[in-house]
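Accompanying notes for the structure given below.
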Amino acid sequence: MEIIMAILAGILFTTGIYNLLQKQLLRIVIGTGLISHGAHLFILTMGELKTGAPPILSEGVEKYTDPLPQALILTSIVISFGVTSLLLVLAYRTSKINGTDNMEQMRGTDYE
Amino acid sequence: MSNLTALPIILPLIAGIIMAFIHKKTTIVRRLSQVFTVFNLLVVGGIFLYVLQNGAIILETGDWAAPYGIILVGDLLSMTLVLTSNLVATACVFYAPKSLSKEQEAFYFYSFFFMLIAGVSGAFLTGDLFNLFVFFEVLLMASYGLIVLGNGKAQLRESIKYVLINLFSSMLFVTTIAFLYSVVGTVNMAQVAERVQEVEQQGILTTIAIMFFFVFATKAAVFPLYYWLPRPYISPNPVVSALFGALLTKVGIYSILRIFTLIFNQDVQLTHTLFIYLAALTMIFGVVGALSTNNIKLVVAYNIIPAVGFMLMGIGIFTEVSVSGTIYYLVHDMIIKGALFLLVGAVAYVAGTSDLRKMSGLIHHYPVLGWLFFIASLVLAGIPPFSGFIGKLLLLRGGLAEEEILIVIVGLVTSLLILFSMIRIFIRGFWGEKTEIPLPEREHKGKMMAWPIGLLLTFSVLLGVGAEWFYPSIESISKYLMDPQLYIDSVLKE
Amino acid sequence: MLLVVLLPFIFAIAIPFISKWKDKFHPGVFVTLIPAIIFIYFVRFIGTGFEPLTREYSWIPSLDMNIVFYLDGLSLLFVLLISGIGALVAFYSIYYLHKSEQLGHFYVYFLIFMGSMLGVVLSDNVFVLYSFWEFTSLSSFLLIGFWNYKQESRYGALKSMLITVFGGLSLLGGLIFMSVLTKTTSIQGMIDQQQLILNSEFFPLILGLILLGAFTKSAQFPFHIWLPDAMEAPTPVSAYLHSATMVKAGIYLVARYSPMLSSSEWFFIIVSTVGIITLCWGSYMAVRQTDLKAILAFSTISQLGMIMAMLGFGTEIAVFAAVFHILNHATFKGSLFMVAGIVDHETGTRDIRKLGGLMTFLPITATIALLASFSMAGVPLPFLNGFYSKELFFDASLHLEVSGEGITGFLMSIIPYLAVFGSIFTFVYSMYFFFSSFRGKSNIEQLPKKPHEAPWGMLLSPIILVAAVIVIGLFPHLINQPFIEHAASAVKGMEIHEHHIKFWHGIKTPLIMSLTVVFLGTVLVLSRKVWQPVYNYLPGRLSFNKVYDGMVDRLESYSSIVTKGYMNGSLSRYVRLVLAAILVITFAFMAITGGFTVDTSNLAEITLPEIFVAVLMICAAVGTIITNNRIAAILILGVVGYGLSMLFVLYRAPDLALTQLIIETVTVALFLLAFYHLPKMRKKEESASTRTLNLIISIGFGALMTMIAISAHSSKYFESIANYFLEKSHSLGGGDNVVNVILVDFRGLDTLFEIVVLGIAAMAIYGLVRLRGKEEEEE
């Protein structure tokens with residue numbers, strides 16, 4: 001199952017990067033969203049999947065899943081959220097001010 | 001005493017929060033920030049002296065013993081870099097009011113500024129990989145705040161590229177940490193080091209090491225990952241550029257230095273040879289970039305890159321001498337890059353343009369700026385006895401001792417071209433026929449801007465002429481880095 | 001001694017304060033005193049019983065960079081030249097430079113140069129030497145650019161800086177290399193352990209680096225091109241830096257390392273060849289010039305070539321002659337430069353086509369010029385020092401102590417002829433210098449100023465120098481035994497006693513060579529009109545200046561082309577390059593280290609719900625690429641997020657699932673909000689090749705990550721620290737939800753700063769929304 005999850009996360013990265021390489025800002029931002037999902041899935045996979053109960057201590061349970069990756073993912077999710085929100089607003093403002101949402105038209109080599 | 005280690009992170013954090021609450025009262029915020037920065041500098045200086053005398057101080061946050069809790073390691077390397085960053089920050093905070101608009105100051109400039117310091121200090125101090133990621137995010141987020149501050153058209157355009165590249169590399173970072181965690185079962189740097197050593201960095205570990213390298217190299221602007229750097233760095237206000245140029249790439253270099261001396265030090269033949277080649281390419285392409293443009297800010301921004309090449313070279317050669325060269329260069333480069341960005345900011349301000357082709361004869365109106373620029377150019381190019389020379393000397397010595405002729409020759413040629421890229425600004429911009437009489441208001445501000453720059457340059461000169469005061473401690477840092485067991489033992493204390 | 005060397009630097013700092021009173025007195029008066037004091041301090045060391053002495057001062061001992069002064073005959077010769085000529089030039093400059101000039105700057109550079117030059121010739125520590133070395137280049141740069149409103153000044157300054165600093169860095173490379181091999185930073189220490197260097201496999205490289213440093217500084221062919229352009233500096237500077245002292249730093253360096261390097265055959269071949277070529281090229285080029293200072297510039301090049309060649313010969317007599325000529329050249333060339341300065345000052349031009357017949361107006365100057373230029377020409381008269389060293393040079397060229405085979409043999413056979421050839425032209429330009437400006441028809445009307453004799457103050461310095469020419473010419477032994485012999489012995493590395501210096505040796509080959517020179521030279525001068533077209537025709541288009549200009553221009557234009565080629569501001573280009581680099585290198589490393597491993601023994605079983613979710617997510621992820629509807633794209637992204645939280649549920653991570661659910665919802669809302677106002681999605685319009693490239697890179701990257709993930713999961717070498725958390729969470733952390741305990745307690749710092757990140761993001765967003773930027777700022 002881990003291998004399948006790794007492949008799934010890899011596919012999330014692939015689609016994310018493909019979107020990142022596009023010109024339109026919306027696609028690019030969607031790409032970053034996919035990449036962070038992929039990253040989180042990778043972290044989860046790196047703990048051991050499904051070999052125990054949820055890491056909430058209760059009596060009679062011998063084996064729990066690895067709690068540390070979960071804690072790390074949690075932190076990372078929140079941080080990604082912050083960055084994504086900023087990115088969204090930034091993307092909005094940028095395309096408003098520059099009058100385009102096409103990154104290829106925002107090269108800015110006009111001054112050397 | 002160990003709580004001291006947290007102060008360089010906590011103090012700016014508190015300051016940042018305070019400034020956020022009173023952000024509308026610009027004058028108070030400005031004064032308060034200056035006081036706070038100086039205070040912070042003094043505190044950090046004190047801690048530095050303490051560490052210098054008594055050795056590393058280690059703080060187990062929340063009293064959770066290593067490797068389970070997060071550890072802050074205030075060793076000499078970290079404290080040196082924290083101190084240097086605070087020095088640059090001090091110059092910046094005094095320069096800021098002359099350079100920023102009132103709105104920029106009111107819109108949380110000082111909060112972002114302090115958060116950036118907190119993030120940078122945290123990144124230098126932490127002994128935990130995941131925590132390093134968190135501090136990276138803090139400093140990046142603060143830098144996002146700073147880079148968009150002002151909402152100019154070009155500025156936003158460049159900001160979005162900056163944010164996207166960094167966001168991607170952050171995701172890569174956190175994923176790579178997860179990979180490493182899977183293999184060694186821990187995120188505490190000392191324990192990771194111990195465990196990697198135990199299995200002799202076999203199997204997938206070297207690949208993971210390279211992934212780490214790329215994550216940091218993107219931040220540090222190593223060839224071929226620096227494309228994103230020059231333009232976003234010059235688009236915001238000069239004071240922001242100075243902070244970025246002085247601190248951000250250096251955090252990347254620090255991380256490479258730390259990770260590849262402490263943790264991934266087993267497969268040196270392979271990884272570090274790669275570094276040497278990349279260092280050579282970084283130098284060449286960087287300096288070629290610096291020669292390619294007539295925008296003086298861009299010249300300085302491009303000059304970040306060859307410096308990164310020099311520092312990477314020292315890590316690649318991986319001897320005590322070369323690593324101490326890297327550390328010396330690191331400290332030197334933080335100061336001089338800060339000074340240079342402030343300086344070209346001031347020059348562009350008084351000249352009314354950053355296009356070199358439109359400048360001439362500035363030295364007749366602004367002799368102080370002119371001579372500061374001249375000295376800064378020499379410092380940057382590594383002309384003795386200034387600080388750049390000491391670092392370069394160590395690096396070249398280390399390189400020749402290992403018979404790495406190629407990189408040494410590239411380094412020498414690069415030094416010449418760096419000097420050329422700077423001196424042509426001096427010749428074309430400062431020399432020549434006088435241009436029109438400048439506006440008196442600009443003249444006054446231009447002079448006021450020279451003070452913080454002068455402060456930084458004085459330290460730069462001291463760092464070179466007074467190398468005897470600094471070098472022994474730098475050498476001891478290098479010895480300490482080359483013997484990772486010292487770090488491991490002091491953290492794990494078993 | 002340290003204080004004496006630092007004296008110029010100390011006073012350089014004081015100059016700006018003094019020059020405030022420049023209305024009352026000329027700062028040059030004050031500056032003249034400094035070299036005079038230094039000269040007096042050092043002149044007392046002259047004597048037959050002189051022994052080298054060392055003074056050590058601590059500077060950076062931990063880097064082996066201490067200030068060690070080593071005063072032997074060679075250093076003493078240079079120190080006296082630097083301070084002696086320095087005093088004369090400083091005195092001369094009082095009359096040459098008007099008070100309206102930026103005298104403060106001038107004298108600051110002047111003093112920095114003087115101090116650095118003293119440092120170069122006295123330092124035994126190679127890195128200290130190098131430091132001073134670069135400072136001489138820099139002060140020369142500033143002095144050449146003194147009149148920087150002139151385009152030519154700026155051009156000359158940049159040129160001299162680039163070439164000499166290039167040489168300096170090459171020298172640095174060589175010095176570091178030697179210090180690494182011998183583990184010492186002392187020149188004498190290196191010479192003592194010369195076998196370590198001579199036997200090193202890198203010796204040719206070291207030799208090349210050191211000589212490159214010396215040749216660039218001493219304007220040797222083909223690096224001589226900076227010197228003529230350096231004549232843009234005020235004339236006192238040309239007299240001082242660009243003829244008597246700085247350009248001899250390269251000579252000094254070669255002489256200093258001679259005891260070690262000269263035992264190599266390559267040293268002989270390279271140094272003699274370059275020296276002789278420089279001699280011939282310089283003297284031939286000098287003949288073509290029409291500007292007095294340009295003649296002197298090429299003459300300096302040629303004379304430096306001659307000295308260099310003699311050092312290359314390395315025989316006793318050659319070394320002696322070289323050292324002797326260093327002194328002689330300084331005397332006559334110094335005075336000639338001052339003469340050129342006087343002519344310029346008094347007539348307003350230095351063009352020999354306009355000048356002529358000045359003897360009547362400037363009789364004293366003319367006398368000085370006559371003596372000095374005849375000495376330079378090597379006219380056989382018993383009271384001209386130039387003749388003695390020229391004759392020694394001929395003598396040396398006939399007695400080369402090398403094996404007569406191969407290249408050395410060839411050199412041995414042609415060197416005497418080249419020596420004569422070069423000297424003929426030396427004779428010719430010396431005559432031009434004198435006759436075309438001081439004799440012949442005068443045409444005062446065409447001159448910018450009406451000429452009259454210079455003030456005495458201006459004449460004093462050249463008179464002293466010409467007096468030296470004659471004194472040395474008449475009584476060579478007066479200085480030879482107590483002075484020159486010591487210097488020559490230091491270069492040779494053994495005692496040298498020289499008795500050759502006599503006017504009359506009888507009719508021997510050197511004398512015949514001298515007479516040939518005079519005879520043919522006179523013929524050439526008299527038939528000048530015939531030869532002028534030849535001079536102008538040859539070497540025609542062959543110009544090293546063009547090479548330099550081309551290199552500098554191309555450096556900038558090619559840099560521009562290269563950089564614009566890849567730094568085109570396109571984000572997707574950046575990302576593509578970055579990813580491609582990571583991809584290639586990481587794959588390569590994985591292949592080399594055999595990093596990829598698969599271990600299927602300890603995997604969770606494959607169950608249907610997860611597969612279902614996974615397939616759903618894959619479809620959704622691919623869907624974001626395919627769809628052209630922005631709302632759909634955003635919602636599909638949401639599906640991926642919800643799928644992920646489903647996976648969290650399935651994999652026993654309840655907290656994560658909840659957080660992910662909430663955050664995904666908010667994010668989707670934000671997305672919709674932000675992109676509601678933006679243009680609709682368009683069809684992707686890039687070319688098929690770009691699309692393929694993108695596809696390759698993204699699939700490659702996904703595959704890379706997957707492979708590393710699988711390998712990492714397959715090589716769990718250690719027990720995770722997580723067990724500690726599971727054990728202690730209840731007892732020490734006081735909570736049963738281990739993830740929460742980790743977040744708020746074990747790793748509370750992470751959480752604190754995670755909140756900080758959110759806070760900063762909030763502020764940044766606020767700023768973005770509220771702060772109205774200036775629409776387009778000045779770039």
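Every chain in the structure tokens has a letter given in the order shown (A, B, ...), and although residue numbers restart at 1 in each chain, ligands are simply numbered from 1 in the order shown.
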
Q) Could you name the residues that touch stretch 25-42 of chain A at 6 Å or less, counting only C-alpha atoms, but leaving out those on the same chain fewer than 2 positions away, as an NGL selection string? A) (:A and (9 or 12-13 or 16 or 19-20 or 44-45 or 73 or 101)) or (:B and (175))

Q: Identify all chain A residues at most 6 Å from chain C by counting only C-alpha atoms; ligands do not count. Present them as a list in words.
A: Met1, Ala6, Ile7, Gly10, Ile11, Phe13, Thr14, Ile17, Tyr18, Leu21, Lys50, Pro54, Pro55, Ile56, Leu57, Pro67, Leu68, Ala71, Gly82, Leu86, Tyr92, Glu104, Arg107 and Gly108 of chain A

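The smallest atom-to-atom distance between chain B and any of A:Thr94, A:Asp66, A:Gly99, A:Leu74, using only C-alpha atoms, is found for A:Thr94.
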
**Q.** Contacts of B:Ile259 within 10 Å, only C-alpha atoms, excl. fewer than 2 positions in-chain, as a VMD selection string
**A.** chain B and resid 129 189 193 209 212 to 213 216 253 to 257 261 to 265

Would you write out those residues with N, CA and C atoms, as a PDB file, in the first residue's frame?
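Printed below is part-v6.pdb as written:
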```pdb
ATOM      1  N   LEU B 129      15.740  19.489  12.462  1.00  0.00           N
ATOM      2  CA  LEU B 129      15.518  19.721  11.038  1.00  0.00           C
ATOM      3  C   LEU B 129      14.140  20.279  10.740  1.00  0.00           C
ATOM      4  N   MET B 189      18.959  16.966  14.688  1.00  0.00           N
ATOM      5  CA  MET B 189      20.125  16.972  13.812  1.00  0.00           C
ATOM      6  C   MET B 189      21.281  16.148  14.365  1.00  0.00           C
ATOM      7  N   ALA B 193      22.720  12.881  12.634  1.00  0.00           N
ATOM      8  CA  ALA B 193      24.142  12.772  12.296  1.00  0.00           C
ATOM      9  C   ALA B 193      24.721  11.469  12.812  1.00  0.00           C
ATOM     10  N   ALA B 209      20.644  13.324   0.675  1.00  0.00           N
ATOM     11  CA  ALA B 209      21.574  14.424   0.936  1.00  0.00           C
ATOM     12  C   ALA B 209      21.540  15.419  -0.218  1.00  0.00           C
ATOM     13  N   PHE B 212      18.536  17.532  -0.107  1.00  0.00           N
ATOM     14  CA  PHE B 212      18.715  18.608   0.869  1.00  0.00           C
ATOM     15  C   PHE B 212      19.554  19.721   0.273  1.00  0.00           C
ATOM     16  N   PHE B 213      20.619  19.301  -0.396  1.00  0.00           N
ATOM     17  CA  PHE B 213      21.486  20.310  -0.997  1.00  0.00           C
ATOM     18  C   PHE B 213      20.693  21.207  -1.944  1.00  0.00           C
ATOM     19  N   PHE B 216      18.483  23.740  -0.153  1.00  0.00           N
ATOM     20  CA  PHE B 216      19.205  24.897   0.380  1.00  0.00           C
ATOM     21  C   PHE B 216      19.844  25.706  -0.739  1.00  0.00           C
ATOM     22  N   ILE B 253      23.302  29.114   2.676  1.00  0.00           N
ATOM     23  CA  ILE B 253      24.693  28.658   2.747  1.00  0.00           C
ATOM     24  C   ILE B 253      24.988  28.056   4.114  1.00  0.00           C
ATOM     25  N   TYR B 254      24.498  28.730   5.146  1.00  0.00           N
ATOM     26  CA  TYR B 254      24.700  28.192   6.491  1.00  0.00           C
ATOM     27  C   TYR B 254      24.143  26.778   6.575  1.00  0.00           C
ATOM     28  N   SER B 255      22.950  26.581   6.041  1.00  0.00           N
ATOM     29  CA  SER B 255      22.327  25.264   6.146  1.00  0.00           C
ATOM     30  C   SER B 255      23.158  24.216   5.417  1.00  0.00           C
ATOM     31  N   ILE B 256      23.655  24.575   4.237  1.00  0.00           N
ATOM     32  CA  ILE B 256      24.506  23.618   3.520  1.00  0.00           C
ATOM     33  C   ILE B 256      25.734  23.305   4.365  1.00  0.00           C
ATOM     34  N   LEU B 257      26.314  24.364   4.897  1.00  0.00           N
ATOM     35  CA  LEU B 257      27.524  24.181   5.710  1.00  0.00           C
ATOM     36  C   LEU B 257      27.245  23.253   6.882  1.00  0.00           C
ATOM     37  N   THR B 261      28.532  19.320   6.951  1.00  0.00           N
ATOM     38  CA  THR B 261      29.660  18.982   7.822  1.00  0.00           C
ATOM     39  C   THR B 261      29.185  18.035   8.912  1.00  0.00           C
ATOM     40  N   LEU B 262      27.981  18.288   9.389  1.00  0.00           N
ATOM     41  CA  LEU B 262      27.504  17.516  10.533  1.00  0.00           C
ATOM     42  C   LEU B 262      26.943  16.166  10.103  1.00  0.00           C
ATOM     43  N   ILE B 263      26.057  16.178   9.114  1.00  0.00           N
ATOM     44  CA  ILE B 263      25.291  14.960   8.840  1.00  0.00           C
ATOM     45  C   ILE B 263      25.861  14.182   7.662  1.00  0.00           C
ATOM     46  N   PHE B 264      25.876  14.806   6.501  1.00  0.00           N
ATOM     47  CA  PHE B 264      26.266  14.043   5.311  1.00  0.00           C
ATOM     48  C   PHE B 264      27.744  14.243   5.021  1.00  0.00           C
ATOM     49  N   ASN B 265      28.580  13.673   5.870  1.00  0.00           N
ATOM     50  CA  ASN B 265      30.010  13.875   5.694  1.00  0.00           C
ATOM     51  C   ASN B 265      30.714  12.582   5.325  1.00  0.00           C
TER      52      ASN B 265
END
```

Neighbouring residues of stretch 174-179 of chain C were defined as those with any atom within 7 Å, considering only C-alpha atoms; residues of the same chain fewer than 5 positions away were excluded. Please report them as a PDB file with C-alpha atoms, in the first residue's frame.
```pdb
ATOM      1  CA  ARG B 397      45.001  28.130   0.274  1.00  0.00           C
ATOM      2  CA  LEU B 400      45.711  24.652  -3.614  1.00  0.00           C
TER       3      LEU B 400
ATOM      4  CA  VAL C 126      54.362  37.238   0.602  1.00  0.00           C
ATOM      5  CA  THR C 184      56.066  29.277   5.007  1.00  0.00           C
ATOM      6  CA  THR C 185      54.997  32.730   3.971  1.00  0.00           C
ATOM      7  CA  ILE C 197      59.043  24.223  -5.275  1.00  0.00           C
ATOM      8  CA  ILE C 206      53.867  28.532 -10.400  1.00  0.00           C
ATOM      9  CA  LEU C 209      51.736  32.743 -12.411  1.00  0.00           C
ATOM     10  CA  ILE C 210      54.574  34.655 -10.799  1.00  0.00           C
TER      11      ILE C 210
END
```

Q.
Give me the residues near B:Gln485 as an MDAnalysis selection string, where near means some atom within 10 Å (using only C-alpha atoms) and where sequence neighbours in that chain fewer than 4 positions away do not count.
A. chainID B and resid 190 193:194 197 262 480:481 489:491

Q) Near chain A, which residues of chain B fall within 6 Å when you count only C-alpha atoms, and what do they look like as JSON, numbers by chain? A) {"B": [156, 175, 178, 182, 293, 294, 295]}

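Among the candidates C:Ile342, C:Leu732, C:Ile470, C:Ile269, the residue lying nearest to C:Lys293 is C:Ile342 (atoms considered: only C-alpha atoms).
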
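For the atom pair formed by atom CA of B:Glu403 and atom CA of B:Tyr226, the distance is 28.0 Å, given to one decimal.
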
Q.
Let me make sure I understand: among C:Leu129, C:Met306, C:Leu358, C:Ile46, which one has the smallest atom-to-atom distance to chain B if we use only C-alpha atoms?
A. C:Leu129

Q. When DSSP works through the backbone of this structure, what residues of stretch 6-179 of chain B end up as strand (DSSP E), shown as a list in words?
A. Ile57, Ile58, Leu59, Glu60, Ile71, Leu72, Val73 and Gly74 of chain B

Can I get the selection written as a CSV table (one decimal), in the first residue's frame, with C-alpha atoms?
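Generated output (out.csv):
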```csv
chain,number,residue,atom,x,y,z
B,57,ILE,CA,25.0,26.7,25.2
B,58,ILE,CA,22.2,24.3,24.5
B,59,LEU,CA,18.6,24.9,25.2
B,60,GLU,CA,16.1,22.0,25.4
B,71,ILE,CA,16.9,21.8,20.7
B,72,LEU,CA,18.4,25.2,20.2
B,73,VAL,CA,22.1,25.0,19.9
B,74,GLY,CA,23.9,28.3,20.5
```

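For the pair atom CA of B:Thr319 and atom CA of B:Val413, the separation is 22.6 Å.
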
Q: Go through stretch 93-300 of chain B and collect every residue that DSSP, computed from the backbone, puts in alpha helix (DSSP H); the answer should be as a PyMOL selection string.
A: chain B and resi 93-99+102-104+110-125+129-148+153-184+189-198+205-220+230-234+238-243+249-262+268-291+296-300

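The list of residues with at least one atom within 9 Å of stretch 221-223 of chain C, based on only C-alpha atoms and without residues fewer than 6 positions apart in the same chain, reads C:Ile163, C:Thr164, C:Phe215, C:Val274, C:Gly275, C:Ile277, C:Thr278, C:Leu279, C:Trp281, C:Gly282, C:Ile301, C:Gly305, C:Phe544.
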
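For C:Ile187, the list of residues within 7 Å, based on only C-alpha atoms and with local chain neighbours fewer than 2 positions off taken out, reads C:Asp124, C:Asn125, C:Val126, C:Thr185, C:Gly189, C:Met190, C:Ile191.
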
Suppose we keep C-alpha atoms; can you now write the selection as a tab-separated table (two decimals), in the first residue's frame?
```tsv
chain	number	residue	atom	x	y	z
C	124	ASP	CA	59.40	39.46	3.28
C	125	ASN	CA	55.95	38.09	3.93
C	126	VAL	CA	54.36	37.24	0.60
C	185	THR	CA	55.00	32.73	3.97
C	189	GLY	CA	62.10	30.91	3.76
C	190	MET	CA	60.85	29.84	0.36
C	191	ILE	CA	64.21	30.43	-1.23
```

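Taking atom CA of C:Phe519 and atom CA of C:Gly378 as endpoints, the distance between them is 12.1 Å.
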